[in-house]
Each structure stands twice: as structure tokens, then as C-alpha cells.
>>> print(open('upload_33.pdb').read())   # PDB, C-alpha atoms, pLDDT in the B column
ATOM      1  CA  MET A 235       1.184  -9.187 -16.957  1.00 69.00           C
ATOM      2  CA  ASN A 236      -0.262  -7.189 -14.086  1.00 90.00           C
ATOM      3  CA  ARG A 237       1.146  -8.149 -10.672  1.00 94.00           C
ATOM      4  CA  LYS A 238      -0.205  -7.632  -7.170  1.00 96.00           C
ATOM      5  CA  LEU A 239       1.658  -8.126  -3.924  1.00 98.00           C
ATOM      6  CA  ILE A 240       0.292  -9.046  -0.491  1.00 98.00           C
ATOM      7  CA  VAL A 241       2.810  -8.987   2.338  1.00 98.00           C
ATOM      8  CA  GLY A 242       2.046 -10.451   5.741  1.00 98.00           C
ATOM      9  CA  ILE A 243       4.704  -9.185   8.110  1.00 97.00           C
ATOM     10  CA  GLY A 244       5.922 -11.070  11.162  1.00 97.00           C
ATOM     11  CA  ASN A 245       9.073 -12.220  12.906  1.00 97.00           C
ATOM     12  CA  PRO A 246      10.786 -15.337  11.496  1.00 95.00           C
ATOM     13  CA  GLY A 247      11.098 -18.494  13.579  1.00 94.00           C
ATOM     14  CA  GLU A 248       8.682 -20.876  15.272  1.00 93.00           C
ATOM     15  CA  GLU A 249       8.995 -19.105  18.621  1.00 94.00           C
ATOM     16  CA  TYR A 250       7.220 -16.080  17.137  1.00 96.00           C
ATOM     17  CA  ALA A 251       4.670 -17.831  14.911  1.00 94.00           C
ATOM     18  CA  ALA A 252       1.734 -17.581  17.331  1.00 94.00           C
ATOM     19  CA  THR A 253       2.460 -14.068  18.635  1.00 95.00           C
ATOM     20  CA  ARG A 254       0.306 -11.007  18.027  1.00 95.00           C
ATOM     21  CA  HIS A 255       3.060  -9.420  15.900  1.00 95.00           C
ATOM     22  CA  ASN A 256       2.758 -12.308  13.419  1.00 97.00           C
ATOM     23  CA  VAL A 257      -0.940 -12.079  12.664  1.00 98.00           C
ATOM     24  CA  GLY A 258      -0.186 -10.670   9.195  1.00 98.00           C
ATOM     25  CA  ALA A 259       1.959 -13.686   8.335  1.00 97.00           C
ATOM     26  CA  ARG A 260      -0.796 -15.981   9.628  1.00 97.00           C
ATOM     27  CA  VAL A 261      -3.337 -14.351   7.322  1.00 98.00           C
ATOM     28  CA  VAL A 262      -1.220 -14.822   4.183  1.00 98.00           C
ATOM     29  CA  ASP A 263      -0.503 -18.407   5.233  1.00 97.00           C
ATOM     30  CA  ARG A 264      -4.231 -19.123   5.218  1.00 97.00           C
ATOM     31  CA  PHE A 265      -4.772 -17.195   1.968  1.00 97.00           C
ATOM     32  CA  CYS A 266      -2.064 -19.272   0.266  1.00 97.00           C
ATOM     33  CA  LEU A 267      -3.759 -22.446   1.535  1.00 97.00           C
ATOM     34  CA  LEU A 268      -7.156 -21.221   0.322  1.00 95.00           C
ATOM     35  CA  LEU A 269      -5.741 -20.583  -3.155  1.00 94.00           C
ATOM     36  CA  HIS A 270      -3.928 -23.961  -3.218  1.00 94.00           C
ATOM     37  CA  GLY A 271      -0.543 -22.293  -3.504  1.00 95.00           C
ATOM     38  CA  THR A 272       2.858 -23.403  -2.224  1.00 97.00           C
ATOM     39  CA  TRP A 273       5.585 -21.483  -0.414  1.00 98.00           C
ATOM     40  CA  LYS A 274       9.158 -21.170  -1.650  1.00 98.00           C
ATOM     41  CA  LYS A 275      12.096 -19.421   0.050  1.00 98.00           C
ATOM     42  CA  GLU A 276      13.713 -16.741  -2.101  1.00 98.00           C
ATOM     43  CA  LYS A 277      16.955 -15.772  -0.371  1.00 97.00           C
ATOM     44  CA  LYS A 278      17.771 -12.988  -2.812  1.00 98.00           C
ATOM     45  CA  LEU A 279      14.445 -11.348  -1.905  1.00 98.00           C
ATOM     46  CA  SER A 280      14.815 -12.045   1.842  1.00 98.00           C
ATOM     47  CA  SER A 281      11.346 -13.590   1.760  1.00 98.00           C
ATOM     48  CA  THR A 282       9.254 -16.719   1.422  1.00 98.00           C
ATOM     49  CA  LEU A 283       6.887 -16.376  -1.537  1.00 98.00           C
ATOM     50  CA  CYS A 284       3.736 -17.968  -2.898  1.00 98.00           C
ATOM     51  CA  VAL A 285       3.160 -17.000  -6.545  1.00 97.00           C
ATOM     52  CA  ILE A 286      -0.274 -17.608  -8.060  1.00 94.00           C
ATOM     53  CA  ASN A 287      -1.560 -16.779 -11.536  1.00 89.00           C
ATOM     54  CA  GLN A 288      -5.276 -16.083 -11.528  1.00 73.00           C
ATOM     55  CA  LEU A 289      -7.838 -14.088 -13.483  1.00 66.00           C
ATOM     56  CA  GLY A 290      -5.333 -12.371 -15.720  1.00 80.00           C
ATOM     57  CA  TYR A 291      -2.884 -11.226 -13.083  1.00 89.00           C
ATOM     58  CA  THR A 292      -0.078 -12.639 -10.979  1.00 95.00           C
ATOM     59  CA  LEU A 293      -0.628 -12.604  -7.232  1.00 96.00           C
ATOM     60  CA  ILE A 294       2.477 -12.703  -5.063  1.00 98.00           C
ATOM     61  CA  LEU A 295       2.033 -13.535  -1.385  1.00 98.00           C
ATOM     62  CA  ALA A 296       5.067 -12.777   0.745  1.00 98.00           C
ATOM     63  CA  LYS A 297       6.389 -13.368   4.240  1.00 98.00           C
ATOM     64  CA  PRO A 298       9.638 -11.441   4.760  1.00 98.00           C
ATOM     65  CA  ASP A 299      12.330 -13.598   6.373  1.00 98.00           C
ATOM     66  CA  VAL A 300      13.450 -10.653   8.497  1.00 97.00           C
ATOM     67  CA  TYR A 301      12.229  -9.162  11.754  1.00 97.00           C
ATOM     68  CA  VAL A 302       9.124  -6.986  11.647  1.00 96.00           C
ATOM     69  CA  ASN A 303      11.046  -3.758  12.250  1.00 95.00           C
ATOM     70  CA  GLU A 304      13.268  -4.513   9.229  1.00 97.00           C
ATOM     71  CA  SER A 305      10.493  -5.431   6.773  1.00 97.00           C
ATOM     72  CA  GLY A 306      11.073  -2.531   4.399  1.00 98.00           C
ATOM     73  CA  SER A 307      14.159  -3.844   2.617  1.00 97.00           C
ATOM     74  CA  ALA A 308      12.462  -7.155   1.801  1.00 98.00           C
ATOM     75  CA  VAL A 309       9.321  -5.443   0.487  1.00 98.00           C
ATOM     76  CA  GLN A 310      11.480  -3.116  -1.609  1.00 98.00           C
ATOM     77  CA  LYS A 311      13.393  -6.058  -3.117  1.00 98.00           C
ATOM     78  CA  ILE A 312      10.164  -7.838  -4.101  1.00 98.00           C
ATOM     79  CA  CYS A 313       8.658  -4.695  -5.637  1.00 98.00           C
ATOM     80  CA  GLN A 314      11.800  -4.014  -7.660  1.00 98.00           C
ATOM     81  CA  PHE A 315      12.252  -7.611  -8.820  1.00 97.00           C
ATOM     82  CA  TYR A 316       8.627  -8.048  -9.946  1.00 96.00           C
ATOM     83  CA  LYS A 317       8.184  -4.389 -10.996  1.00 96.00           C
ATOM     84  CA  ILE A 318       5.134  -3.915  -8.781  1.00 97.00           C
ATOM     85  CA  PRO A 319       3.785  -0.347  -8.448  1.00 96.00           C
ATOM     86  CA  ILE A 320       3.143   0.942  -4.949  1.00 96.00           C
ATOM     87  CA  GLU A 321      -0.639   1.084  -5.445  1.00 95.00           C
ATOM     88  CA  ASP A 322      -0.681  -2.693  -6.039  1.00 96.00           C
ATOM     89  CA  VAL A 323       1.016  -3.473  -2.710  1.00 98.00           C
ATOM     90  CA  ILE A 324      -1.057  -4.616   0.293  1.00 98.00           C
ATOM     91  CA  ILE A 325       0.603  -4.857   3.708  1.00 98.00           C
ATOM     92  CA  ILE A 326      -1.162  -6.931   6.387  1.00 98.00           C
ATOM     93  CA  TYR A 327      -0.071  -6.222   9.936  1.00 97.00           C
ATOM     94  CA  ASP A 328      -1.075  -6.160  13.594  1.00 96.00           C
ATOM     95  CA  ASP A 329      -2.685  -3.032  15.062  1.00 94.00           C
ATOM     96  CA  VAL A 330      -3.066  -2.411  18.801  1.00 92.00           C
ATOM     97  CA  ALA A 331      -5.645   0.298  18.092  1.00 89.00           C
ATOM     98  CA  PHE A 332      -8.290  -2.358  17.420  1.00 91.00           C
ATOM     99  CA  ASP A 333      -9.680  -5.215  19.475  1.00 91.00           C
ATOM    100  CA  VAL A 334      -9.094  -8.807  18.452  1.00 94.00           C
ATOM    101  CA  GLY A 335     -11.779  -9.588  15.892  1.00 92.00           C
ATOM    102  CA  ASP A 336     -11.680  -6.141  14.302  1.00 93.00           C
ATOM    103  CA  PHE A 337      -9.863  -5.103  11.135  1.00 94.00           C
ATOM    104  CA  ARG A 338      -9.711  -2.090   8.819  1.00 92.00           C
ATOM    105  CA  LEU A 339      -8.456  -1.063   5.391  1.00 93.00           C
ATOM    106  CA  SER A 340      -6.709   2.244   4.777  1.00 92.00           C
ATOM    107  CA  ILE A 341      -4.308   4.159   2.571  1.00 91.00           C
ATOM    108  CA  GLN A 342      -2.476   6.746   4.629  1.00 80.00           C
ATOM    109  CA  SER A 343       0.973   8.214   5.085  1.00 72.00           C
ATOM    110  CA  GLY A 344       1.576   7.806   8.828  1.00 85.00           C
ATOM    111  CA  THR A 345       3.086   4.879  10.710  1.00 90.00           C
ATOM    112  CA  GLY A 346       0.412   4.522  13.408  1.00 86.00           C
ATOM    113  CA  GLY A 347       3.272   3.817  15.806  1.00 87.00           C
ATOM    114  CA  HIS A 348       4.130   0.553  14.014  1.00 93.00           C
ATOM    115  CA  ASN A 349       7.882   0.203  13.486  1.00 94.00           C
ATOM    116  CA  GLY A 350       7.472  -2.337  10.678  1.00 95.00           C
ATOM    117  CA  VAL A 351       5.230   0.048   8.741  1.00 96.00           C
ATOM    118  CA  ALA A 352       7.702   2.872   9.409  1.00 96.00           C
ATOM    119  CA  ASP A 353      10.493   0.787   7.879  1.00 97.00           C
ATOM    120  CA  ILE A 354       8.375  -0.074   4.829  1.00 97.00           C
ATOM    121  CA  LEU A 355       7.533   3.612   4.354  1.00 96.00           C
ATOM    122  CA  SER A 356      11.232   4.504   4.527  1.00 97.00           C
ATOM    123  CA  HIS A 357      11.996   2.032   1.722  1.00 97.00           C
ATOM    124  CA  ILE A 358       9.080   2.308  -0.715  1.00 97.00           C
ATOM    125  CA  GLY A 359       7.190   5.422   0.408  1.00 96.00           C
ATOM    126  CA  PRO A 360       3.435   5.884   1.005  1.00 95.00           C
ATOM    127  CA  GLY A 361       0.577   4.766  -1.237  1.00 95.00           C
ATOM    128  CA  PHE A 362       0.314   1.065  -0.396  1.00 97.00           C
ATOM    129  CA  VAL A 363      -2.868  -0.415   1.052  1.00 97.00           C
ATOM    130  CA  ARG A 364      -2.848  -1.229   4.761  1.00 96.00           C
ATOM    131  CA  PHE A 365      -4.875  -4.188   6.012  1.00 96.00           C
ATOM    132  CA  ARG A 366      -4.785  -3.665   9.776  1.00 95.00           C
ATOM    133  CA  VAL A 367      -5.772  -6.607  11.949  1.00 96.00           C
ATOM    134  CA  GLY A 368      -6.640  -5.859  15.567  1.00 94.00           C
ATOM    135  CA  VAL A 369      -4.568  -7.581  18.248  1.00 95.00           C
ATOM    136  CA  GLY A 370      -6.146  -5.908  21.266  1.00 88.00           C
ATOM    137  CA  PRO A 371      -5.181  -2.839  23.277  1.00 79.00           C
ATOM    138  CA  LYS A 372      -2.054  -3.356  25.365  1.00 68.00           C
ATOM    139  CA  HIS A 373      -3.626  -2.217  28.675  1.00 68.00           C
ATOM    140  CA  PHE A 374      -0.932  -2.503  31.367  1.00 57.00           C
ATOM    141  CA  LEU A 375       1.701  -4.301  29.335  1.00 68.00           C
ATOM    142  CA  ASP A 376       4.694  -2.716  27.656  1.00 83.00           C
ATOM    143  CA  LEU A 377       3.986  -2.472  23.921  1.00 83.00           C
ATOM    144  CA  LYS A 378       6.842  -4.826  23.023  1.00 86.00           C
ATOM    145  CA  ASP A 379       5.682  -7.406  25.574  1.00 87.00           C
ATOM    146  CA  HIS A 380       2.146  -7.133  24.236  1.00 88.00           C
ATOM    147  CA  VAL A 381       2.897  -7.654  20.521  1.00 90.00           C
ATOM    148  CA  LEU A 382       5.419 -10.408  21.259  1.00 92.00           C
ATOM    149  CA  GLY A 383       2.923 -12.158  23.510  1.00 92.00           C
ATOM    150  CA  ARG A 384       0.498 -14.857  22.440  1.00 94.00           C
ATOM    151  CA  PHE A 385      -3.243 -14.591  22.054  1.00 94.00           C
ATOM    152  CA  THR A 386      -5.380 -15.999  24.828  1.00 93.00           C
ATOM    153  CA  GLU A 387      -7.455 -19.103  24.134  1.00 95.00           C
ATOM    154  CA  ALA A 388     -10.570 -16.938  23.841  1.00 94.00           C
ATOM    155  CA  GLU A 389      -8.812 -14.571  21.416  1.00 94.00           C
ATOM    156  CA  GLU A 390      -7.646 -17.505  19.293  1.00 96.00           C
ATOM    157  CA  GLY A 391     -11.294 -18.540  19.057  1.00 96.00           C
ATOM    158  CA  ILE A 392     -12.242 -15.052  17.859  1.00 95.00           C
ATOM    159  CA  LEU A 393      -9.456 -15.089  15.269  1.00 95.00           C
ATOM    160  CA  ALA A 394     -10.570 -18.474  13.964  1.00 95.00           C
ATOM    161  CA  HIS A 395     -14.104 -17.108  13.655  1.00 95.00           C
ATOM    162  CA  ILE A 396     -13.188 -13.953  11.715  1.00 94.00           C
ATOM    163  CA  LEU A 397     -10.416 -15.363   9.518  1.00 96.00           C
ATOM    164  CA  PRO A 398     -12.812 -16.465   6.740  1.00 95.00           C
ATOM    165  CA  GLU A 399     -14.243 -12.923   6.723  1.00 94.00           C
ATOM    166  CA  ILE A 400     -10.737 -11.449   6.506  1.00 95.00           C
ATOM    167  CA  LEU A 401      -9.880 -13.714   3.555  1.00 96.00           C
ATOM    168  CA  CYS A 402     -13.150 -12.815   1.836  1.00 94.00           C
ATOM    169  CA  ASP A 403     -12.468  -9.088   2.240  1.00 93.00           C
ATOM    170  CA  LEU A 404      -8.910  -9.602   1.028  1.00 95.00           C
ATOM    171  CA  GLN A 405     -10.210 -11.215  -2.164  1.00 93.00           C
ATOM    172  CA  LEU A 406     -12.701  -8.363  -2.523  1.00 92.00           C
ATOM    173  CA  LEU A 407      -9.801  -5.924  -2.285  1.00 94.00           C
ATOM    174  CA  LEU A 408      -7.981  -7.743  -5.093  1.00 94.00           C
ATOM    175  CA  ASP A 409     -11.091  -7.927  -7.279  1.00 92.00           C
ATOM    176  CA  LYS A 410     -12.615  -4.481  -6.727  1.00 92.00           C
ATOM    177  CA  GLY A 411      -9.714  -2.272  -5.681  1.00 91.00           C
ATOM    178  CA  PRO A 412      -9.070  -0.265  -2.511  1.00 90.00           C
ATOM    179  CA  GLU A 413     -11.699   2.485  -2.738  1.00 89.00           C
ATOM    180  CA  TYR A 414     -14.663   0.130  -3.153  1.00 89.00           C
ATOM    181  CA  SER A 415     -13.298  -2.328  -0.593  1.00 89.00           C
ATOM    182  CA  MET A 416     -12.450   0.285   2.030  1.00 86.00           C
ATOM    183  CA  ASN A 417     -15.919   1.775   1.833  1.00 84.00           C
ATOM    184  CA  LEU A 418     -17.635  -1.589   2.173  1.00 84.00           C
ATOM    185  CA  THR A 419     -15.317  -3.221   4.726  1.00 83.00           C
ATOM    186  CA  ASN A 420     -14.855  -0.247   7.032  1.00 78.00           C
ATOM    187  CA  ARG A 421     -18.533   0.694   6.987  1.00 77.00           C
ATOM    188  CA  LYS A 422     -19.437  -2.883   7.876  1.00 72.00           C
ATOM    189  CA  LYS A 423     -16.925  -3.019  10.729  1.00 69.00           C
ATOM    190  CA  ASN A 424     -18.012   0.396  12.050  1.00 72.00           C
ATOM    191  CA  TYR A 425     -21.634  -0.785  12.074  1.00 62.00           C
ATOM    192  CA  GLU A 426     -20.643  -3.957  13.944  1.00 70.00           C
ATOM    193  CA  GLN A 427     -18.711  -1.874  16.478  1.00 66.00           C
ATOM    194  CA  GLN A 428     -21.708   0.400  17.084  1.00 65.00           C
ATOM    195  CA  GLU A 429     -23.965  -2.602  17.619  1.00 63.00           C
ATOM    196  CA  LYS A 430     -21.486  -4.053  20.098  1.00 64.00           C
ATOM    197  CA  LEU A 431     -21.336  -0.802  22.070  1.00 60.00           C
ATOM    198  CA  GLN A 432     -25.132  -0.581  22.157  1.00 60.00           C
ATOM    199  CA  GLY A 433     -25.309  -4.060  23.599  1.00 57.00           C
TER     200      GLY A 433
END
>>> encode(input="upload_33.pdb", output="C-alpha cells")
Amino acid sequence: MNRKLIVGIGNPGEEYAATRHNVGARVVDRFCLLLHGTWKKEKKLSSTLCVINQLGYTLILAKPDVYVNESGSAVQKICQFYKIPIEDVIIIYDDVAFDVGDFRLSIQSGTGGHNGVADILSHIGPGFVRFRVGVGPKHFLDLKDHVLGRFTEAEEGILAHILPEILCDLQLLLDKGPEYSMNLTNRKKNYEQQEKLQG
């Protein structure tokens, strides 16, 4: 049976749950809830998994039980165990290049300065789909302080507002594939950004 993997990366432990670095894990948490799935720790895969069979394929949602910068080994273990090809892997992660409320889809070879993505690339190589969720530019803060910091109350409100849209676009990605989804999602977000700039 065809298998697809969605990984939401983030640091383990309650102290990190609400930080910017954990927005990917928060997204897969909500997606699992939406699909009425349940989480189960899989120590041999260094991850907590939610496995759902739907529409002729098996969907595996994963939260690596390792720190963000060490995500690659866990992703590699899952891919090898379930025999998932690289093109059927979606990684959801925080991106300081975008404001809170913005998100983009891409397939590229670079790291974008994200150490977690760099580690995943070093373990499984390029070709996976990136679902990049904006966590706001760091401004005057050190990058580490920024991504390990929490969202403001206003930013949490924005996240709550856009999360249904993120989940909808994630399902679109599963149903229609990356090319169709990237064209639709990114064009929509670019249009929204232009409207915002024009006031």
C-alpha cells in the first residue's frame, strides 16, 4: 500500500511545546486531531506516530522525539521502516523568513539556514516537500532566542485563525500532489501579501 509521511519537527518536552521552533509539531498535532487519529510512542523510530489509513493509502504523522537540530536520524528511521520514498515525505517547520500568519510550500535543495532541515538533508537527501510556517522575523533578537521564544498573544490569535487554512492546504497537498498544491497555495499567499502591502 502507498504510504505518505508528514513530519512536524520540534523540540521534545512541555517547556518547548509553545515555542516558535515547535510550530511544525503543533500543526501535525491538530491534523491528527482533525483526522481522529491517536498518537503512539515508537522508541525504535525515535518518534511519536499517528498512523491513519485513508483513501487507499497509509498516512503517517510523526513528531520526532529528538531535538530539532537532530531530526534527520528519526526521519531516516521512519522512511526506512515504512519504505517511504523521498517524494512522499512532507516536513513542516518554522521559518523566520515569513511573518506569523504566512506559509509556503516548496521543494528545494538548500537549508534556508534551518539546522533541523540541514540535518534531515544530511540523512535522507533532497526531494522532500517543505511546508514552511512563518514565525516572524527575529528583528533584534539572537536567532536561537527568537525560535526558542513563545509567540505573543496577538501572534497566537493569528495562528489560531490560519490553522484551519494550513490544515486544508495540507490535505490538498496529500490529495493533489506538490506541483498543483504549490502553485495554488503560494500564488494565494503571494496575492494576500501584495494586498497587505497595498493597504
>>> resolve_selection(input="upload_33.pdb", expression="the PyMOL selection byres ((chain A and resi 272-277) around 10)", output="list in words")
Asp263, Cys266, Leu267, Leu269, His270, Gly271, Lys278, Leu279, Ser280, Ser281, Thr282, Leu283, Cys284, Val285, Ile286, Leu295, Ala296, Lys297, Pro298, Asp299, Ala308 and Ile312 of chain A
>>> write_last_selection(input="upload_33.pdb", atoms="C-alpha atoms", output="CSV table (one decimal), in the coordinates of the input")
chain,number,residue,atom,x,y,z
A,263,ASP,CA,-0.5,-18.4,5.2
A,266,CYS,CA,-2.1,-19.3,0.3
A,267,LEU,CA,-3.8,-22.4,1.5
A,269,LEU,CA,-5.7,-20.6,-3.2
A,270,HIS,CA,-3.9,-24.0,-3.2
A,271,GLY,CA,-0.5,-22.3,-3.5
A,278,LYS,CA,17.8,-13.0,-2.8
A,279,LEU,CA,14.4,-11.3,-1.9
A,280,SER,CA,14.8,-12.0,1.8
A,281,SER,CA,11.3,-13.6,1.8
A,282,THR,CA,9.3,-16.7,1.4
A,283,LEU,CA,6.9,-16.4,-1.5
A,284,CYS,CA,3.7,-18.0,-2.9
A,285,VAL,CA,3.2,-17.0,-6.5
A,286,ILE,CA,-0.3,-17.6,-8.1
A,295,LEU,CA,2.0,-13.5,-1.4
A,296,ALA,CA,5.1,-12.8,0.7
A,297,LYS,CA,6.4,-13.4,4.2
A,298,PRO,CA,9.6,-11.4,4.8
A,299,ASP,CA,12.3,-13.6,6.4
A,308,ALA,CA,12.5,-7.2,1.8
A,312,ILE,CA,10.2,-7.8,-4.1
>>> closest_residue(input="upload_33.pdb", among="A:Phe332, A:Tyr291, A:Phe385, A:Phe365", to="Ile400 in chain A", atoms="only C-alpha atoms")
A:Phe365
>>> resolve_selection(input="upload_33.pdb", expression="the PyMOL selection byres ((chain A and resi 333) around 6)", output="list in words")
Phe332, Val334, Asp336, Gly368, Val369 and Gly370 of chain A
>>> resolve_selection(input="upload_33.pdb", expression="the PyMOL selection byres ((chain A and resi 306) around 9)", output="PyMOL selection string")
chain A and resi 302-305+307-311+350-358
>>> write_last_selection(input="upload_33.pdb", atoms="C-alpha atoms", output="compact mmCIF listing (two decimals), in the coordinates of the input")
# COMPACT_ATOMS: atom_id res chain seq x y z
CA VAL A 302 9.12 -6.99 11.65
CA ASN A 303 11.05 -3.76 12.25
CA GLU A 304 13.27 -4.51 9.23
CA SER A 305 10.49 -5.43 6.77
CA SER A 307 14.16 -3.84 2.62
CA ALA A 308 12.46 -7.16 1.80
CA VAL A 309 9.32 -5.44 0.49
CA GLN A 310 11.48 -3.12 -1.61
CA LYS A 311 13.39 -6.06 -3.12
CA GLY A 350 7.47 -2.34 10.68
CA VAL A 351 5.23 0.05 8.74
CA ALA A 352 7.70 2.87 9.41
CA ASP A 353 10.49 0.79 7.88
CA ILE A 354 8.38 -0.07 4.83
CA LEU A 355 7.53 3.61 4.35
CA SER A 356 11.23 4.50 4.53
CA HIS A 357 12.00 2.03 1.72
CA ILE A 358 9.08 2.31 -0.72
>>> atom_distance(input="upload_33.pdb", atom1="CA of Gly242 in chain A", atom2="CA of His255 in chain A")
10.3 Å
>>> closest_atom_pairs(input="upload_33.pdb", of="range 271-363 of chain A", to="range 407-412 of chain A", cutoff="9 Å", atoms="all atoms listed in the file", output="JSON lines")
{"residue": "A:Asp322", "atom": "CA", "partner": "A:Leu408", "partner_atom": "CA", "distance": 8.9}
{"residue": "A:Leu339", "atom": "CA", "partner": "A:Pro412", "partner_atom": "CA", "distance": 8.0}
{"residue": "A:Ser340", "atom": "CA", "partner": "A:Pro412", "partner_atom": "CA", "distance": 8.1}
{"residue": "A:Ile341", "atom": "CA", "partner": "A:Pro412", "partner_atom": "CA", "distance": 8.3}
{"residue": "A:Val363", "atom": "CA", "partner": "A:Pro412", "partner_atom": "CA", "distance": 7.2}
>>> closest_residue(input="upload_33.pdb", among="A:Val257, A:Leu268, A:Ala251, A:Ile326", to="Cys402 in chain A", atoms="all atoms listed in the file")
A:Leu268
>>> residues_around(input="upload_33.pdb", residues="Arg384 in chain A", least_positions_apart="4", cutoff="7 Å", atoms="all atoms listed in the file", output="list in words")
Ala252, Thr253 and Arg254 of chain A
>>> atom_distance(input="upload_33.pdb", atom1="CA of Gly258 in chain A", atom2="CA of Tyr414 in chain A")
21.9 Å
>>> atom_distance(input="upload_33.pdb", atom1="CA of Leu239 in chain A", atom2="CA of Glu399 in chain A")
19.7 Å
>>> residues_near_point(input="upload_33.pdb", point="(3.1, -1.5, -3.4)", cutoff="8 Å", atoms="all atoms listed in the file", output="PDB file with C-alpha atoms, in the coordinates of the input")
ATOM      1  CA  LYS A 238      -0.205  -7.632  -7.170  1.00 96.00           C
ATOM      2  CA  LEU A 239       1.658  -8.126  -3.924  1.00 98.00           C
ATOM      3  CA  CYS A 313       8.658  -4.695  -5.637  1.00 98.00           C
ATOM      4  CA  ILE A 318       5.134  -3.915  -8.781  1.00 97.00           C
ATOM      5  CA  PRO A 319       3.785  -0.347  -8.448  1.00 96.00           C
ATOM      6  CA  ILE A 320       3.143   0.942  -4.949  1.00 96.00           C
ATOM      7  CA  GLU A 321      -0.639   1.084  -5.445  1.00 95.00           C
ATOM      8  CA  ASP A 322      -0.681  -2.693  -6.039  1.00 96.00           C
ATOM      9  CA  VAL A 323       1.016  -3.473  -2.710  1.00 98.00           C
ATOM     10  CA  ILE A 324      -1.057  -4.616   0.293  1.00 98.00           C
ATOM     11  CA  ILE A 358       9.080   2.308  -0.715  1.00 97.00           C
ATOM     12  CA  GLY A 361       0.577   4.766  -1.237  1.00 95.00           C
ATOM     13  CA  PHE A 362       0.314   1.065  -0.396  1.00 97.00           C
ATOM     14  CA  VAL A 363      -2.868  -0.415   1.052  1.00 97.00           C
TER      15      VAL A 363
END
>>> axis_aligned_box(input="upload_33.pdb", around="range 275-281 of chain A", padding_each_side="4 Å", output="JSON")
{"center_x": 14.6, "center_y": -15.4, "center_z": -0.5, "size_x": 14.4, "size_y": 16.1, "size_z": 12.7}
>>> closest_residue(input="upload_33.pdb", among="A:Gly335, A:Val241, A:Ser343, A:Asn256", to="Glu389 in chain A", atoms="all atoms listed in the file")
A:Gly335
>>> closest_residue(input="upload_33.pdb", among="A:Glu426, A:Phe265, A:Ile392, A:Glu249", to="Gln405 in chain A", atoms="all atoms listed in the file")
A:Phe265
>>> closest_residue(input="upload_33.pdb", among="A:Lys378, A:Val261, A:Phe337, A:Val330", to="Arg421 in chain A", atoms="all atoms listed in the file")
A:Phe337
>>> closest_residue(input="upload_33.pdb", among="A:Asn424, A:Asp379, A:Arg364, A:Asn236", to="Gln288 in chain A", atoms="all atoms listed in the file")
A:Asn236
